[in-house]
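Listing of entry-v9.txt; format and content: compact mmCIF, C-alpha atoms.
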# COMPACT_ATOMS: atom_id res chain seq x y z
CA MET A 212 72.67 80.67 89.37
CA ALA A 213 72.64 83.14 86.48
CA ASP A 214 76.09 83.82 85.01
CA ASN A 215 74.87 86.50 82.58
CA LEU A 216 73.11 89.59 83.89
CA ALA A 217 71.48 90.04 80.49
CA ASN A 218 69.38 86.94 81.22
CA LEU A 219 67.95 88.19 84.51
CA ASP A 220 64.19 88.75 84.74
CA SER A 221 64.81 92.16 86.28
CA ILE A 222 67.58 94.71 85.97
CA GLU A 223 66.74 96.45 89.23
CA PRO A 224 69.99 97.44 90.98
CA GLN A 225 69.27 95.26 94.02
CA VAL A 226 68.68 92.19 91.84
CA VAL A 227 71.94 92.76 89.97
CA LEU A 228 73.90 93.36 93.18
CA ASN A 229 72.44 90.28 94.88
CA THR A 230 73.39 88.16 91.88
CA LEU A 231 76.97 89.41 91.96
CA LYS A 232 77.13 88.96 95.75
CA THR A 233 75.84 85.38 95.61
CA ARG A 234 78.31 84.42 92.90
CA HIS A 235 81.17 86.13 94.73
CA SER A 236 80.38 84.27 97.97
CA ASN A 237 80.81 81.03 95.99
CA ASP A 238 84.17 82.16 94.54
CA LEU A 239 82.52 82.78 91.17
CA ILE A 240 84.11 86.18 90.68
CA TYR A 241 83.30 86.53 86.97
CA THR A 242 79.86 87.38 85.59
CA LYS A 243 78.84 88.24 82.05
CA ASN A 244 76.79 91.25 81.09
CA GLY A 245 76.30 90.65 77.42
CA SER A 246 79.73 91.13 75.83
CA VAL A 247 81.12 92.77 78.98
CA LEU A 248 82.82 90.76 81.71
CA ILE A 249 82.38 91.87 85.32
CA ALA A 250 85.11 90.82 87.75
CA VAL A 251 84.69 91.22 91.52
CA ASN A 252 87.95 91.16 93.44
CA PRO A 253 88.04 88.07 95.72
CA TYR A 254 90.95 89.47 97.76
CA LYS A 255 92.42 85.98 97.87
CA ARG A 256 93.94 83.43 95.51
CA ILE A 257 91.45 81.16 93.76
CA PRO A 258 92.52 78.17 91.61
CA VAL A 259 91.06 79.17 88.26
CA TYR A 260 94.15 80.26 86.32
CA GLY A 261 96.16 77.06 85.92
CA ASP A 262 97.23 75.18 82.81
CA GLU A 263 93.99 73.18 82.81
CA MET A 264 91.91 76.34 82.44
CA LEU A 265 94.28 77.76 79.83
CA GLN A 266 93.96 74.60 77.74
CA LYS A 267 90.19 74.54 78.20
CA PHE A 268 89.68 77.96 76.65
CA LYS A 269 92.30 77.41 73.98
CA ALA A 270 90.50 74.26 72.81
CA SER A 271 86.95 75.60 73.19
CA MET A 272 84.86 75.53 70.01
CA ALA A 273 82.20 77.87 71.44
CA LEU A 274 83.58 80.53 73.74
CA ASP A 275 80.18 82.16 74.17
CA ARG A 276 78.93 78.99 75.87
CA GLU A 277 81.81 78.75 78.32
CA GLU A 278 81.64 79.99 81.87
CA PRO A 279 82.52 83.67 82.44
CA HIS A 280 86.29 84.05 82.66
CA ILE A 281 89.03 86.53 81.81
CA PHE A 282 90.61 83.84 79.61
CA ALA A 283 87.45 83.81 77.47
CA ILE A 284 87.88 87.52 76.76
CA ALA A 285 91.53 87.00 75.84
CA ALA A 286 90.66 84.01 73.64
CA ALA A 287 87.89 85.87 71.80
CA SER A 288 90.19 88.82 71.08
CA HIS A 289 93.00 86.56 69.88
CA ARG A 290 90.72 84.56 67.59
CA THR A 291 89.10 87.67 66.11
CA MET A 292 92.52 89.15 65.41
CA ILE A 293 93.41 85.99 63.45
CA SER A 294 90.11 85.56 61.60
CA GLU A 295 89.56 89.22 60.68
CA GLY A 296 93.15 90.38 60.51
CA THR A 297 92.36 93.52 62.53
CA ASN A 298 93.74 95.06 65.70
CA GLN A 299 91.89 94.21 68.91
CA ALA A 300 91.57 96.22 72.12
CA VAL A 301 90.58 95.13 75.61
CA ILE A 302 89.57 97.91 78.01
CA ILE A 303 89.99 97.19 81.73
CA SER A 304 88.35 99.74 84.00
CA GLY A 305 87.31 99.95 87.63
CA GLU A 306 87.82 101.81 90.87
CA SER A 307 90.93 101.58 93.02
CA GLY A 308 91.45 98.04 94.31
CA ALA A 309 89.08 96.47 91.79
CA GLY A 310 91.83 94.25 90.39
CA LYS A 311 92.67 95.95 87.07
CA THR A 312 96.38 95.14 87.24
CA GLU A 313 95.70 91.49 88.07
CA SER A 314 93.18 91.22 85.24
CA ALA A 315 95.75 92.59 82.79
CA SER A 316 98.29 90.01 83.95
CA PHE A 317 95.80 87.17 83.40
CA LEU A 318 95.12 88.42 79.87
CA LEU A 319 98.85 88.35 79.18
CA GLN A 320 99.11 84.90 80.73
CA TYR A 321 96.60 83.49 78.24
CA LEU A 322 98.07 85.30 75.22
CA ARG A 323 101.56 84.04 76.07
CA PHE A 324 100.16 80.52 76.38
CA VAL A 325 98.38 80.41 73.02
CA SER A 326 101.16 82.18 71.10
CA ASN A 327 104.00 80.13 72.59
CA ALA A 328 105.91 83.27 73.51
CA SER A 329 109.55 82.70 74.40
CA GLU A 330 110.67 82.83 78.02
CA GLN A 331 113.01 85.70 77.10
CA LEU A 332 110.15 87.81 75.72
CA GLU A 333 107.98 86.96 78.70
CA SER A 334 110.78 88.08 81.01
CA ARG A 335 111.20 91.36 79.13
CA ILE A 336 107.48 92.14 79.29
CA TYR A 337 107.30 91.44 83.00
CA SER A 338 110.60 93.11 83.88
CA SER A 339 108.90 96.48 83.47
CA SER A 340 106.35 95.70 86.19
CA PRO A 341 108.59 96.55 89.18
CA LEU A 342 109.47 99.88 87.55
CA THR A 343 105.90 100.99 86.85
CA GLU A 344 104.84 99.72 90.27
CA ALA A 345 107.59 101.59 92.13
CA PHE A 346 107.25 104.88 90.27
CA GLY A 347 103.49 104.83 89.68
CA CYS A 348 101.83 102.95 92.54
CA ALA A 349 101.14 104.02 96.11
CA LYS A 350 99.39 102.81 99.23
CA THR A 351 95.95 104.35 99.67
CA ILE A 352 93.26 103.86 102.28
CA ARG A 353 91.48 101.38 100.01
CA ASN A 354 94.39 99.66 98.30
CA ASP A 355 97.93 98.80 99.38
CA ASN A 356 99.21 98.93 95.80
CA SER A 357 97.04 101.40 93.93
CA SER A 358 98.05 102.42 90.40
CA ARG A 359 97.99 106.21 90.30
CA PHE A 360 98.32 106.38 86.52
CA GLY A 361 96.84 104.96 83.35
CA LYS A 362 98.72 102.61 81.08
CA PHE A 363 98.38 101.32 77.54
CA LEU A 364 100.08 98.03 76.72
CA MET A 365 100.44 97.15 73.04
CA LEU A 366 101.42 93.64 71.97
CA GLN A 367 102.84 93.05 68.49
CA PHE A 368 101.99 89.78 66.74
CA ASP A 369 103.44 88.30 63.54
CA GLN A 370 101.46 86.64 60.75
CA SER A 371 101.33 83.38 62.69
CA ALA A 372 99.75 85.20 65.69
CA LYS A 373 102.87 84.79 67.81
CA ILE A 374 103.87 87.64 70.11
CA GLN A 375 106.97 89.38 68.78
CA GLY A 376 107.21 92.34 71.13
CA ALA A 377 105.42 94.80 73.35
CA SER A 378 105.40 98.50 74.22
CA LEU A 379 104.03 100.23 77.31
CA SER A 380 102.81 103.82 77.50
CA THR A 381 101.84 105.57 80.74
CA TYR A 382 99.79 108.72 81.23
CA LEU A 383 97.84 110.84 83.75
CA LEU A 384 100.22 110.29 86.67
CA GLU A 385 98.84 111.73 89.92
CA LYS A 386 101.62 114.32 90.36
CA SER A 387 100.05 115.96 93.43
CA ARG A 388 100.87 112.82 95.48
CA VAL A 389 104.57 113.74 95.33
CA SER A 390 104.12 116.83 97.47
CA HIS A 391 100.93 115.99 99.40
CA VAL A 392 100.07 112.68 101.06
CA GLY A 393 96.80 112.18 102.93
CA PRO A 394 96.58 110.56 106.40
CA GLY A 395 96.89 106.77 106.24
CA GLU A 396 98.30 106.88 102.70
CA ARG A 397 101.79 106.87 101.22
CA SER A 398 103.54 108.65 98.40
CA TYR A 399 104.97 106.59 95.54
CA HIS A 400 106.71 103.37 96.56
CA ILE A 401 110.02 104.41 95.01
CA PHE A 402 110.74 107.02 97.72
CA TYR A 403 110.43 104.48 100.54
CA CYS A 404 112.29 101.85 98.49
CA LEU A 405 115.20 104.25 98.00
CA LEU A 406 115.41 105.04 101.70
CA ARG A 407 114.94 101.52 103.09
CA GLY A 408 116.71 99.61 100.35
CA SER A 409 119.87 101.71 99.99
CA PRO A 410 122.99 101.05 102.09
CA ALA A 411 124.33 103.88 104.21
CA PRO A 412 127.16 104.82 101.78
CA GLN A 413 124.67 105.26 98.95
CA LEU A 414 122.34 107.36 101.08
CA LYS A 415 125.30 109.56 101.94
CA GLU A 416 126.29 109.84 98.28
CA LEU A 417 122.73 110.93 97.43
CA ARG A 418 122.85 113.46 100.30
CA LEU A 419 120.03 111.74 102.13
CA GLY A 420 120.69 112.14 105.83
CA SER A 421 118.51 109.26 106.95
CA GLY A 422 116.81 106.08 105.81
CA ASP A 423 113.69 106.87 107.83
CA PRO A 424 110.73 108.35 105.84
CA ARG A 425 109.64 110.27 108.94
CA ASP A 426 112.66 112.54 108.51
CA PHE A 427 111.38 113.90 105.18
CA LYS A 428 108.66 116.52 104.99
CA TYR A 429 106.88 115.17 101.90
CA LEU A 430 106.65 111.66 103.40
CA ALA A 431 106.17 112.32 107.12
CA GLY A 432 102.58 113.52 106.74
CA GLY A 433 101.31 110.12 105.65
CA GLU A 434 101.75 106.44 106.47
CA VAL A 435 105.47 105.61 106.84
CA GLY A 436 105.31 101.83 107.31
CA ASP A 437 105.88 99.16 104.66
CA PRO A 438 103.40 99.00 101.76
CA GLY A 439 101.46 96.05 103.18
CA GLY A 440 100.25 92.85 101.58
CA GLY A 441 103.25 90.94 102.93
CA ARG A 442 105.69 93.03 100.90
CA THR A 443 108.56 95.21 102.07
CA ASP A 444 110.11 98.33 100.57
CA LYS A 445 113.55 96.74 100.74
CA ALA A 446 112.40 93.74 98.67
CA LEU A 447 110.75 95.98 96.07
CA CYS A 448 113.96 98.01 95.85
CA GLY A 449 115.82 94.84 94.91
CA GLU A 450 113.27 94.10 92.18
CA VAL A 451 113.63 97.63 90.79
CA LEU A 452 117.42 97.38 90.67
CA GLN A 453 117.19 94.01 88.93
CA ALA A 454 114.73 95.40 86.37
CA LEU A 455 117.03 98.35 85.66
Can you give me the file's structure in the form of structure tokens?
Amino acid sequence: MADNLANLDSIEPQVVLNTLKTRHSNDLIYTKNGSVLIAVNPYKRIPVYGDEMLQKFKASMALDREEPHIFAIAAASHRTMISEGTNQAVIISGESGAGKTESASFLLQYLRFVSNASEQLESRIYSSSPLTEAFGCAKTIRNDNSSRFGKFLMLQFDQSAKIQGASLSTYLLEKSRVSHVGPGERSYHIFYCLLRGSPAPQLKELRLGSGDPRDFKYLAGGEVGDPGGGRTDKALCGEVLQAL
């Protein structure tokens, strides 16, 4: 089964799609296309991100001969940064629900592993996730937790290639979602978190007459249930408060 589309005998769309479909049906969600890695969302957990895989790619002497994997991309970037002493960039793109956020987290997982980042730094990097999720993600028809903004994460390394810090920039927030929500979709998570996660005294202090999204014009026109995926607005509210 070909793991690199560049090696196919034909580049007809149907041949490419069939190759990706066959690999996906066998839980092989990664496929190379030259220097580009294609990831197809499995919509389930697959056991390919454990310590054994991290160690495998860290110790590999020939990354280009390894199986397609997000860790291989992270390893190649990290090694090039060390050998050439230049900044490296990894671009993650795709449509809503493709798995961009998950792919970014796996990149960070590998980079933390090879640079022996401290638990405190790891905690600080990940503590921002509930905030960006609550204020920038929403439930859409295609994705329960769709990022409605772009983000640029910069990691700072020292001379020994150890992570020393990180900064996160966000841009292009879908502002229209605040005042207009389509059928079957929700506005940003934070509004529902505030209503369902706040005790009655706090709602009164904020002059919110109810904890029910259906009582608010900007929210009532869309889906008013929990975000889905086994998560609740009340639980996310707790994560936001902890992050703050």
Exercise for the section: Provide the atom CA of A:Thr233 to atom CA of A:Pro279 distance in Å, to one decimal place. Expected result: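 Going from atom CA of A:Thr233 over to atom CA of A:Pro279, I get 14.9 Å.
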Handout entry: Nearest residue to A:Leu419 from the set A:Gly305, A:Ala431, A:Leu405, A:Ser314 (distances using only C-alpha atoms)
Key = A:Leu405
Practice task
Quote the spacing between atom CA of A:Ser378 and atom CA of A:Ser338 in Å to one decimal place.
Solution key: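 Straight-line distance from atom CA of A:Ser378 to atom CA of A:Ser338 works out to 12.2 Å.
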Exercise for the section: Identify, on the basis of all atoms listed in the file, every residue whose closest approach to A:Gly436 does not exceed 10 Å; exclude the query and any residue fewer than 4 positions from it along the same chain; express the result as a list in words. Expected result: Gly395, Glu396, Arg397, Tyr403, Asp423, Pro424, Arg425, Thr443 and Asp444 of chain A
Need the axis-aligned box for stretch 322-341 of chain A with 4 Å each side, so what are the centre and edges in Å to one decimal, as AutoDock Vina command-line options?
--center_x 105.5 --center_y 88.3 --center_z 80.1 --size_x 22.9 --size_y 24.4 --size_z 26.1
Exercise for the section: Compute the distance from (77.3, 92.4, 77.2) to each atom, counting all atoms listed in the file, keep the residues with any atom at most 9 Å away, and return them as a PyMOL selection string; use the coordinates of the file. Expected result: chain A and resi 215-217+243-248
Practice task
To one decimal in Å, tell me the separation between atom CA of A:Ser421 and atom CA of A:Ile352.
Solution key: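 Computing it gives 26.2 Å between the two atoms.
Among the candidates A:Pro341, A:Ala300, A:Val392, A:Gly310, the residue lying nearest to A:Leu366 is A:Ala300 (atoms considered: all atoms listed in the file).
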Using 8 Å as the limit and counting only C-alpha atoms, can you tabulate each residue of stretch 289-371 of chain A that touches stretch 399-402 of chain A, with its shortest atom-to-atom distance in Å and the two atoms involved, as CSV?
residue,atom,partner,partner_atom,distance
A:Glu344,CA,A:His400,CA,7.5
A:Ala345,CA,A:Ile401,CA,4.7
A:Phe346,CA,A:Ile401,CA,5.5
A:Gly347,CA,A:Tyr399,CA,6.3
A:Cys348,CA,A:Tyr399,CA,5.7
A:Ala349,CA,A:Tyr399,CA,4.6
A:Lys350,CA,A:Tyr399,CA,7.7
Problem - Proximity to A:Tyr241 - best of A:Pro253, A:Gly296, A:Pro438, A:Gly449, all atoms listed in the file - result: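 Selected residue with least distance to A:Tyr241: A:Pro253.
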Exercise for the section: May I ask which of the residues A:Thr351, A:Ser271, A:Asn237, A:Gln367 is the closest one to A:Leu322, counting only C-alpha atoms? Expected result: A:Gln367
Practice task
May I ask which of the residues A:Arg290, A:Arg234, A:His391, A:Lys255 is the closest one to A:Lys428, counting only C-alpha atoms?
Solution key: A:His391
Name the residues, using the chain letters and numbers of the file, that sit within 9 Å of (86.0, 80.2, 67.1) when counting all atoms listed in the file, and give them as a PDB file with C-alpha atoms, in the frame of the given file.
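Listing of out_12.pdb after writing:
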ATOM      1  CA  SER A 271      86.950  75.600  73.190  1.00  0.00           C
ATOM      2  CA  MET A 272      84.860  75.530  70.010  1.00  0.00           C
ATOM      3  CA  ALA A 273      82.200  77.870  71.440  1.00  0.00           C
ATOM      4  CA  LEU A 274      83.580  80.530  73.740  1.00  0.00           C
ATOM      5  CA  ALA A 286      90.660  84.010  73.640  1.00  0.00           C
ATOM      6  CA  ALA A 287      87.890  85.870  71.800  1.00  0.00           C
ATOM      7  CA  ARG A 290      90.720  84.560  67.590  1.00  0.00           C
ATOM      8  CA  THR A 291      89.100  87.670  66.110  1.00  0.00           C
ATOM      9  CA  SER A 294      90.110  85.560  61.600  1.00  0.00           C
TER      10      SER A 294
END
Handout entry: Which residue of A:Gln225, A:Ala454, A:Pro410, A:Leu239 approaches A:Glu278 most closely, using all atoms listed in the file
Key = A:Leu239
Can you take the partial stretch 247-263 of chain A, add N, CA, C and O atoms, and return it as a short mmCIF file (atom, residue, chain, number, x, y, z; two decimals), in the coordinates of the input?
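Done, and the output landed in result_2.cif:
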data_model
loop_
_atom_site.label_atom_id
_atom_site.label_comp_id
_atom_site.auth_asym_id
_atom_site.auth_seq_id
_atom_site.Cartn_x
_atom_site.Cartn_y
_atom_site.Cartn_z
N VAL A 247 80.24 92.21 77.95
CA VAL A 247 81.12 92.77 78.98
C VAL A 247 81.31 91.75 80.10
O VAL A 247 80.37 91.04 80.48
N LEU A 248 82.54 91.66 80.60
CA LEU A 248 82.82 90.76 81.71
C LEU A 248 83.00 91.57 82.99
O LEU A 248 83.80 92.51 83.04
N ILE A 249 82.26 91.22 84.02
CA ILE A 249 82.38 91.87 85.32
C ILE A 249 83.22 90.98 86.22
O ILE A 249 82.95 89.79 86.36
N ALA A 250 84.25 91.56 86.82
CA ALA A 250 85.11 90.82 87.75
C ALA A 250 85.03 91.49 89.12
O ALA A 250 85.22 92.70 89.22
N VAL A 251 84.75 90.71 90.15
CA VAL A 251 84.69 91.22 91.52
C VAL A 251 85.88 90.67 92.28
O VAL A 251 86.04 89.46 92.39
N ASN A 252 86.72 91.55 92.78
CA ASN A 252 87.95 91.16 93.44
C ASN A 252 87.68 90.22 94.62
O ASN A 252 86.96 90.59 95.55
N PRO A 253 88.26 89.01 94.61
CA PRO A 253 88.04 88.07 95.72
C PRO A 253 88.94 88.34 96.91
O PRO A 253 88.73 87.80 97.99
N TYR A 254 89.97 89.17 96.72
CA TYR A 254 90.95 89.47 97.76
C TYR A 254 91.57 88.20 98.34
O TYR A 254 91.88 88.13 99.53
N LYS A 255 91.73 87.21 97.50
CA LYS A 255 92.42 85.98 97.87
C LYS A 255 92.74 85.23 96.58
O LYS A 255 92.22 85.56 95.51
N ARG A 256 93.59 84.24 96.68
CA ARG A 256 93.94 83.43 95.51
C ARG A 256 92.88 82.35 95.30
O ARG A 256 92.51 81.64 96.25
N ILE A 257 92.39 82.23 94.08
CA ILE A 257 91.45 81.16 93.76
C ILE A 257 92.02 80.35 92.60
O ILE A 257 92.63 80.92 91.68
N PRO A 258 91.86 79.04 92.59
CA PRO A 258 92.52 78.17 91.61
C PRO A 258 91.79 78.08 90.27
O PRO A 258 91.29 77.01 89.88
N VAL A 259 91.75 79.19 89.55
CA VAL A 259 91.06 79.17 88.26
C VAL A 259 91.93 79.72 87.14
O VAL A 259 91.42 80.13 86.09
N TYR A 260 93.26 79.69 87.33
CA TYR A 260 94.15 80.26 86.32
C TYR A 260 95.28 79.32 85.93
O TYR A 260 96.28 79.75 85.36
N GLY A 261 95.11 78.03 86.22
CA GLY A 261 96.16 77.06 85.92
C GLY A 261 96.16 76.60 84.47
O GLY A 261 95.37 77.03 83.64
N ASP A 262 97.08 75.69 84.18
CA ASP A 262 97.23 75.18 82.81
C ASP A 262 95.96 74.50 82.30
O ASP A 262 95.65 74.54 81.11
N GLU A 263 95.22 73.86 83.21
CA GLU A 263 93.99 73.18 82.81
C GLU A 263 92.97 74.17 82.25
O GLU A 263 92.34 73.93 81.22
#
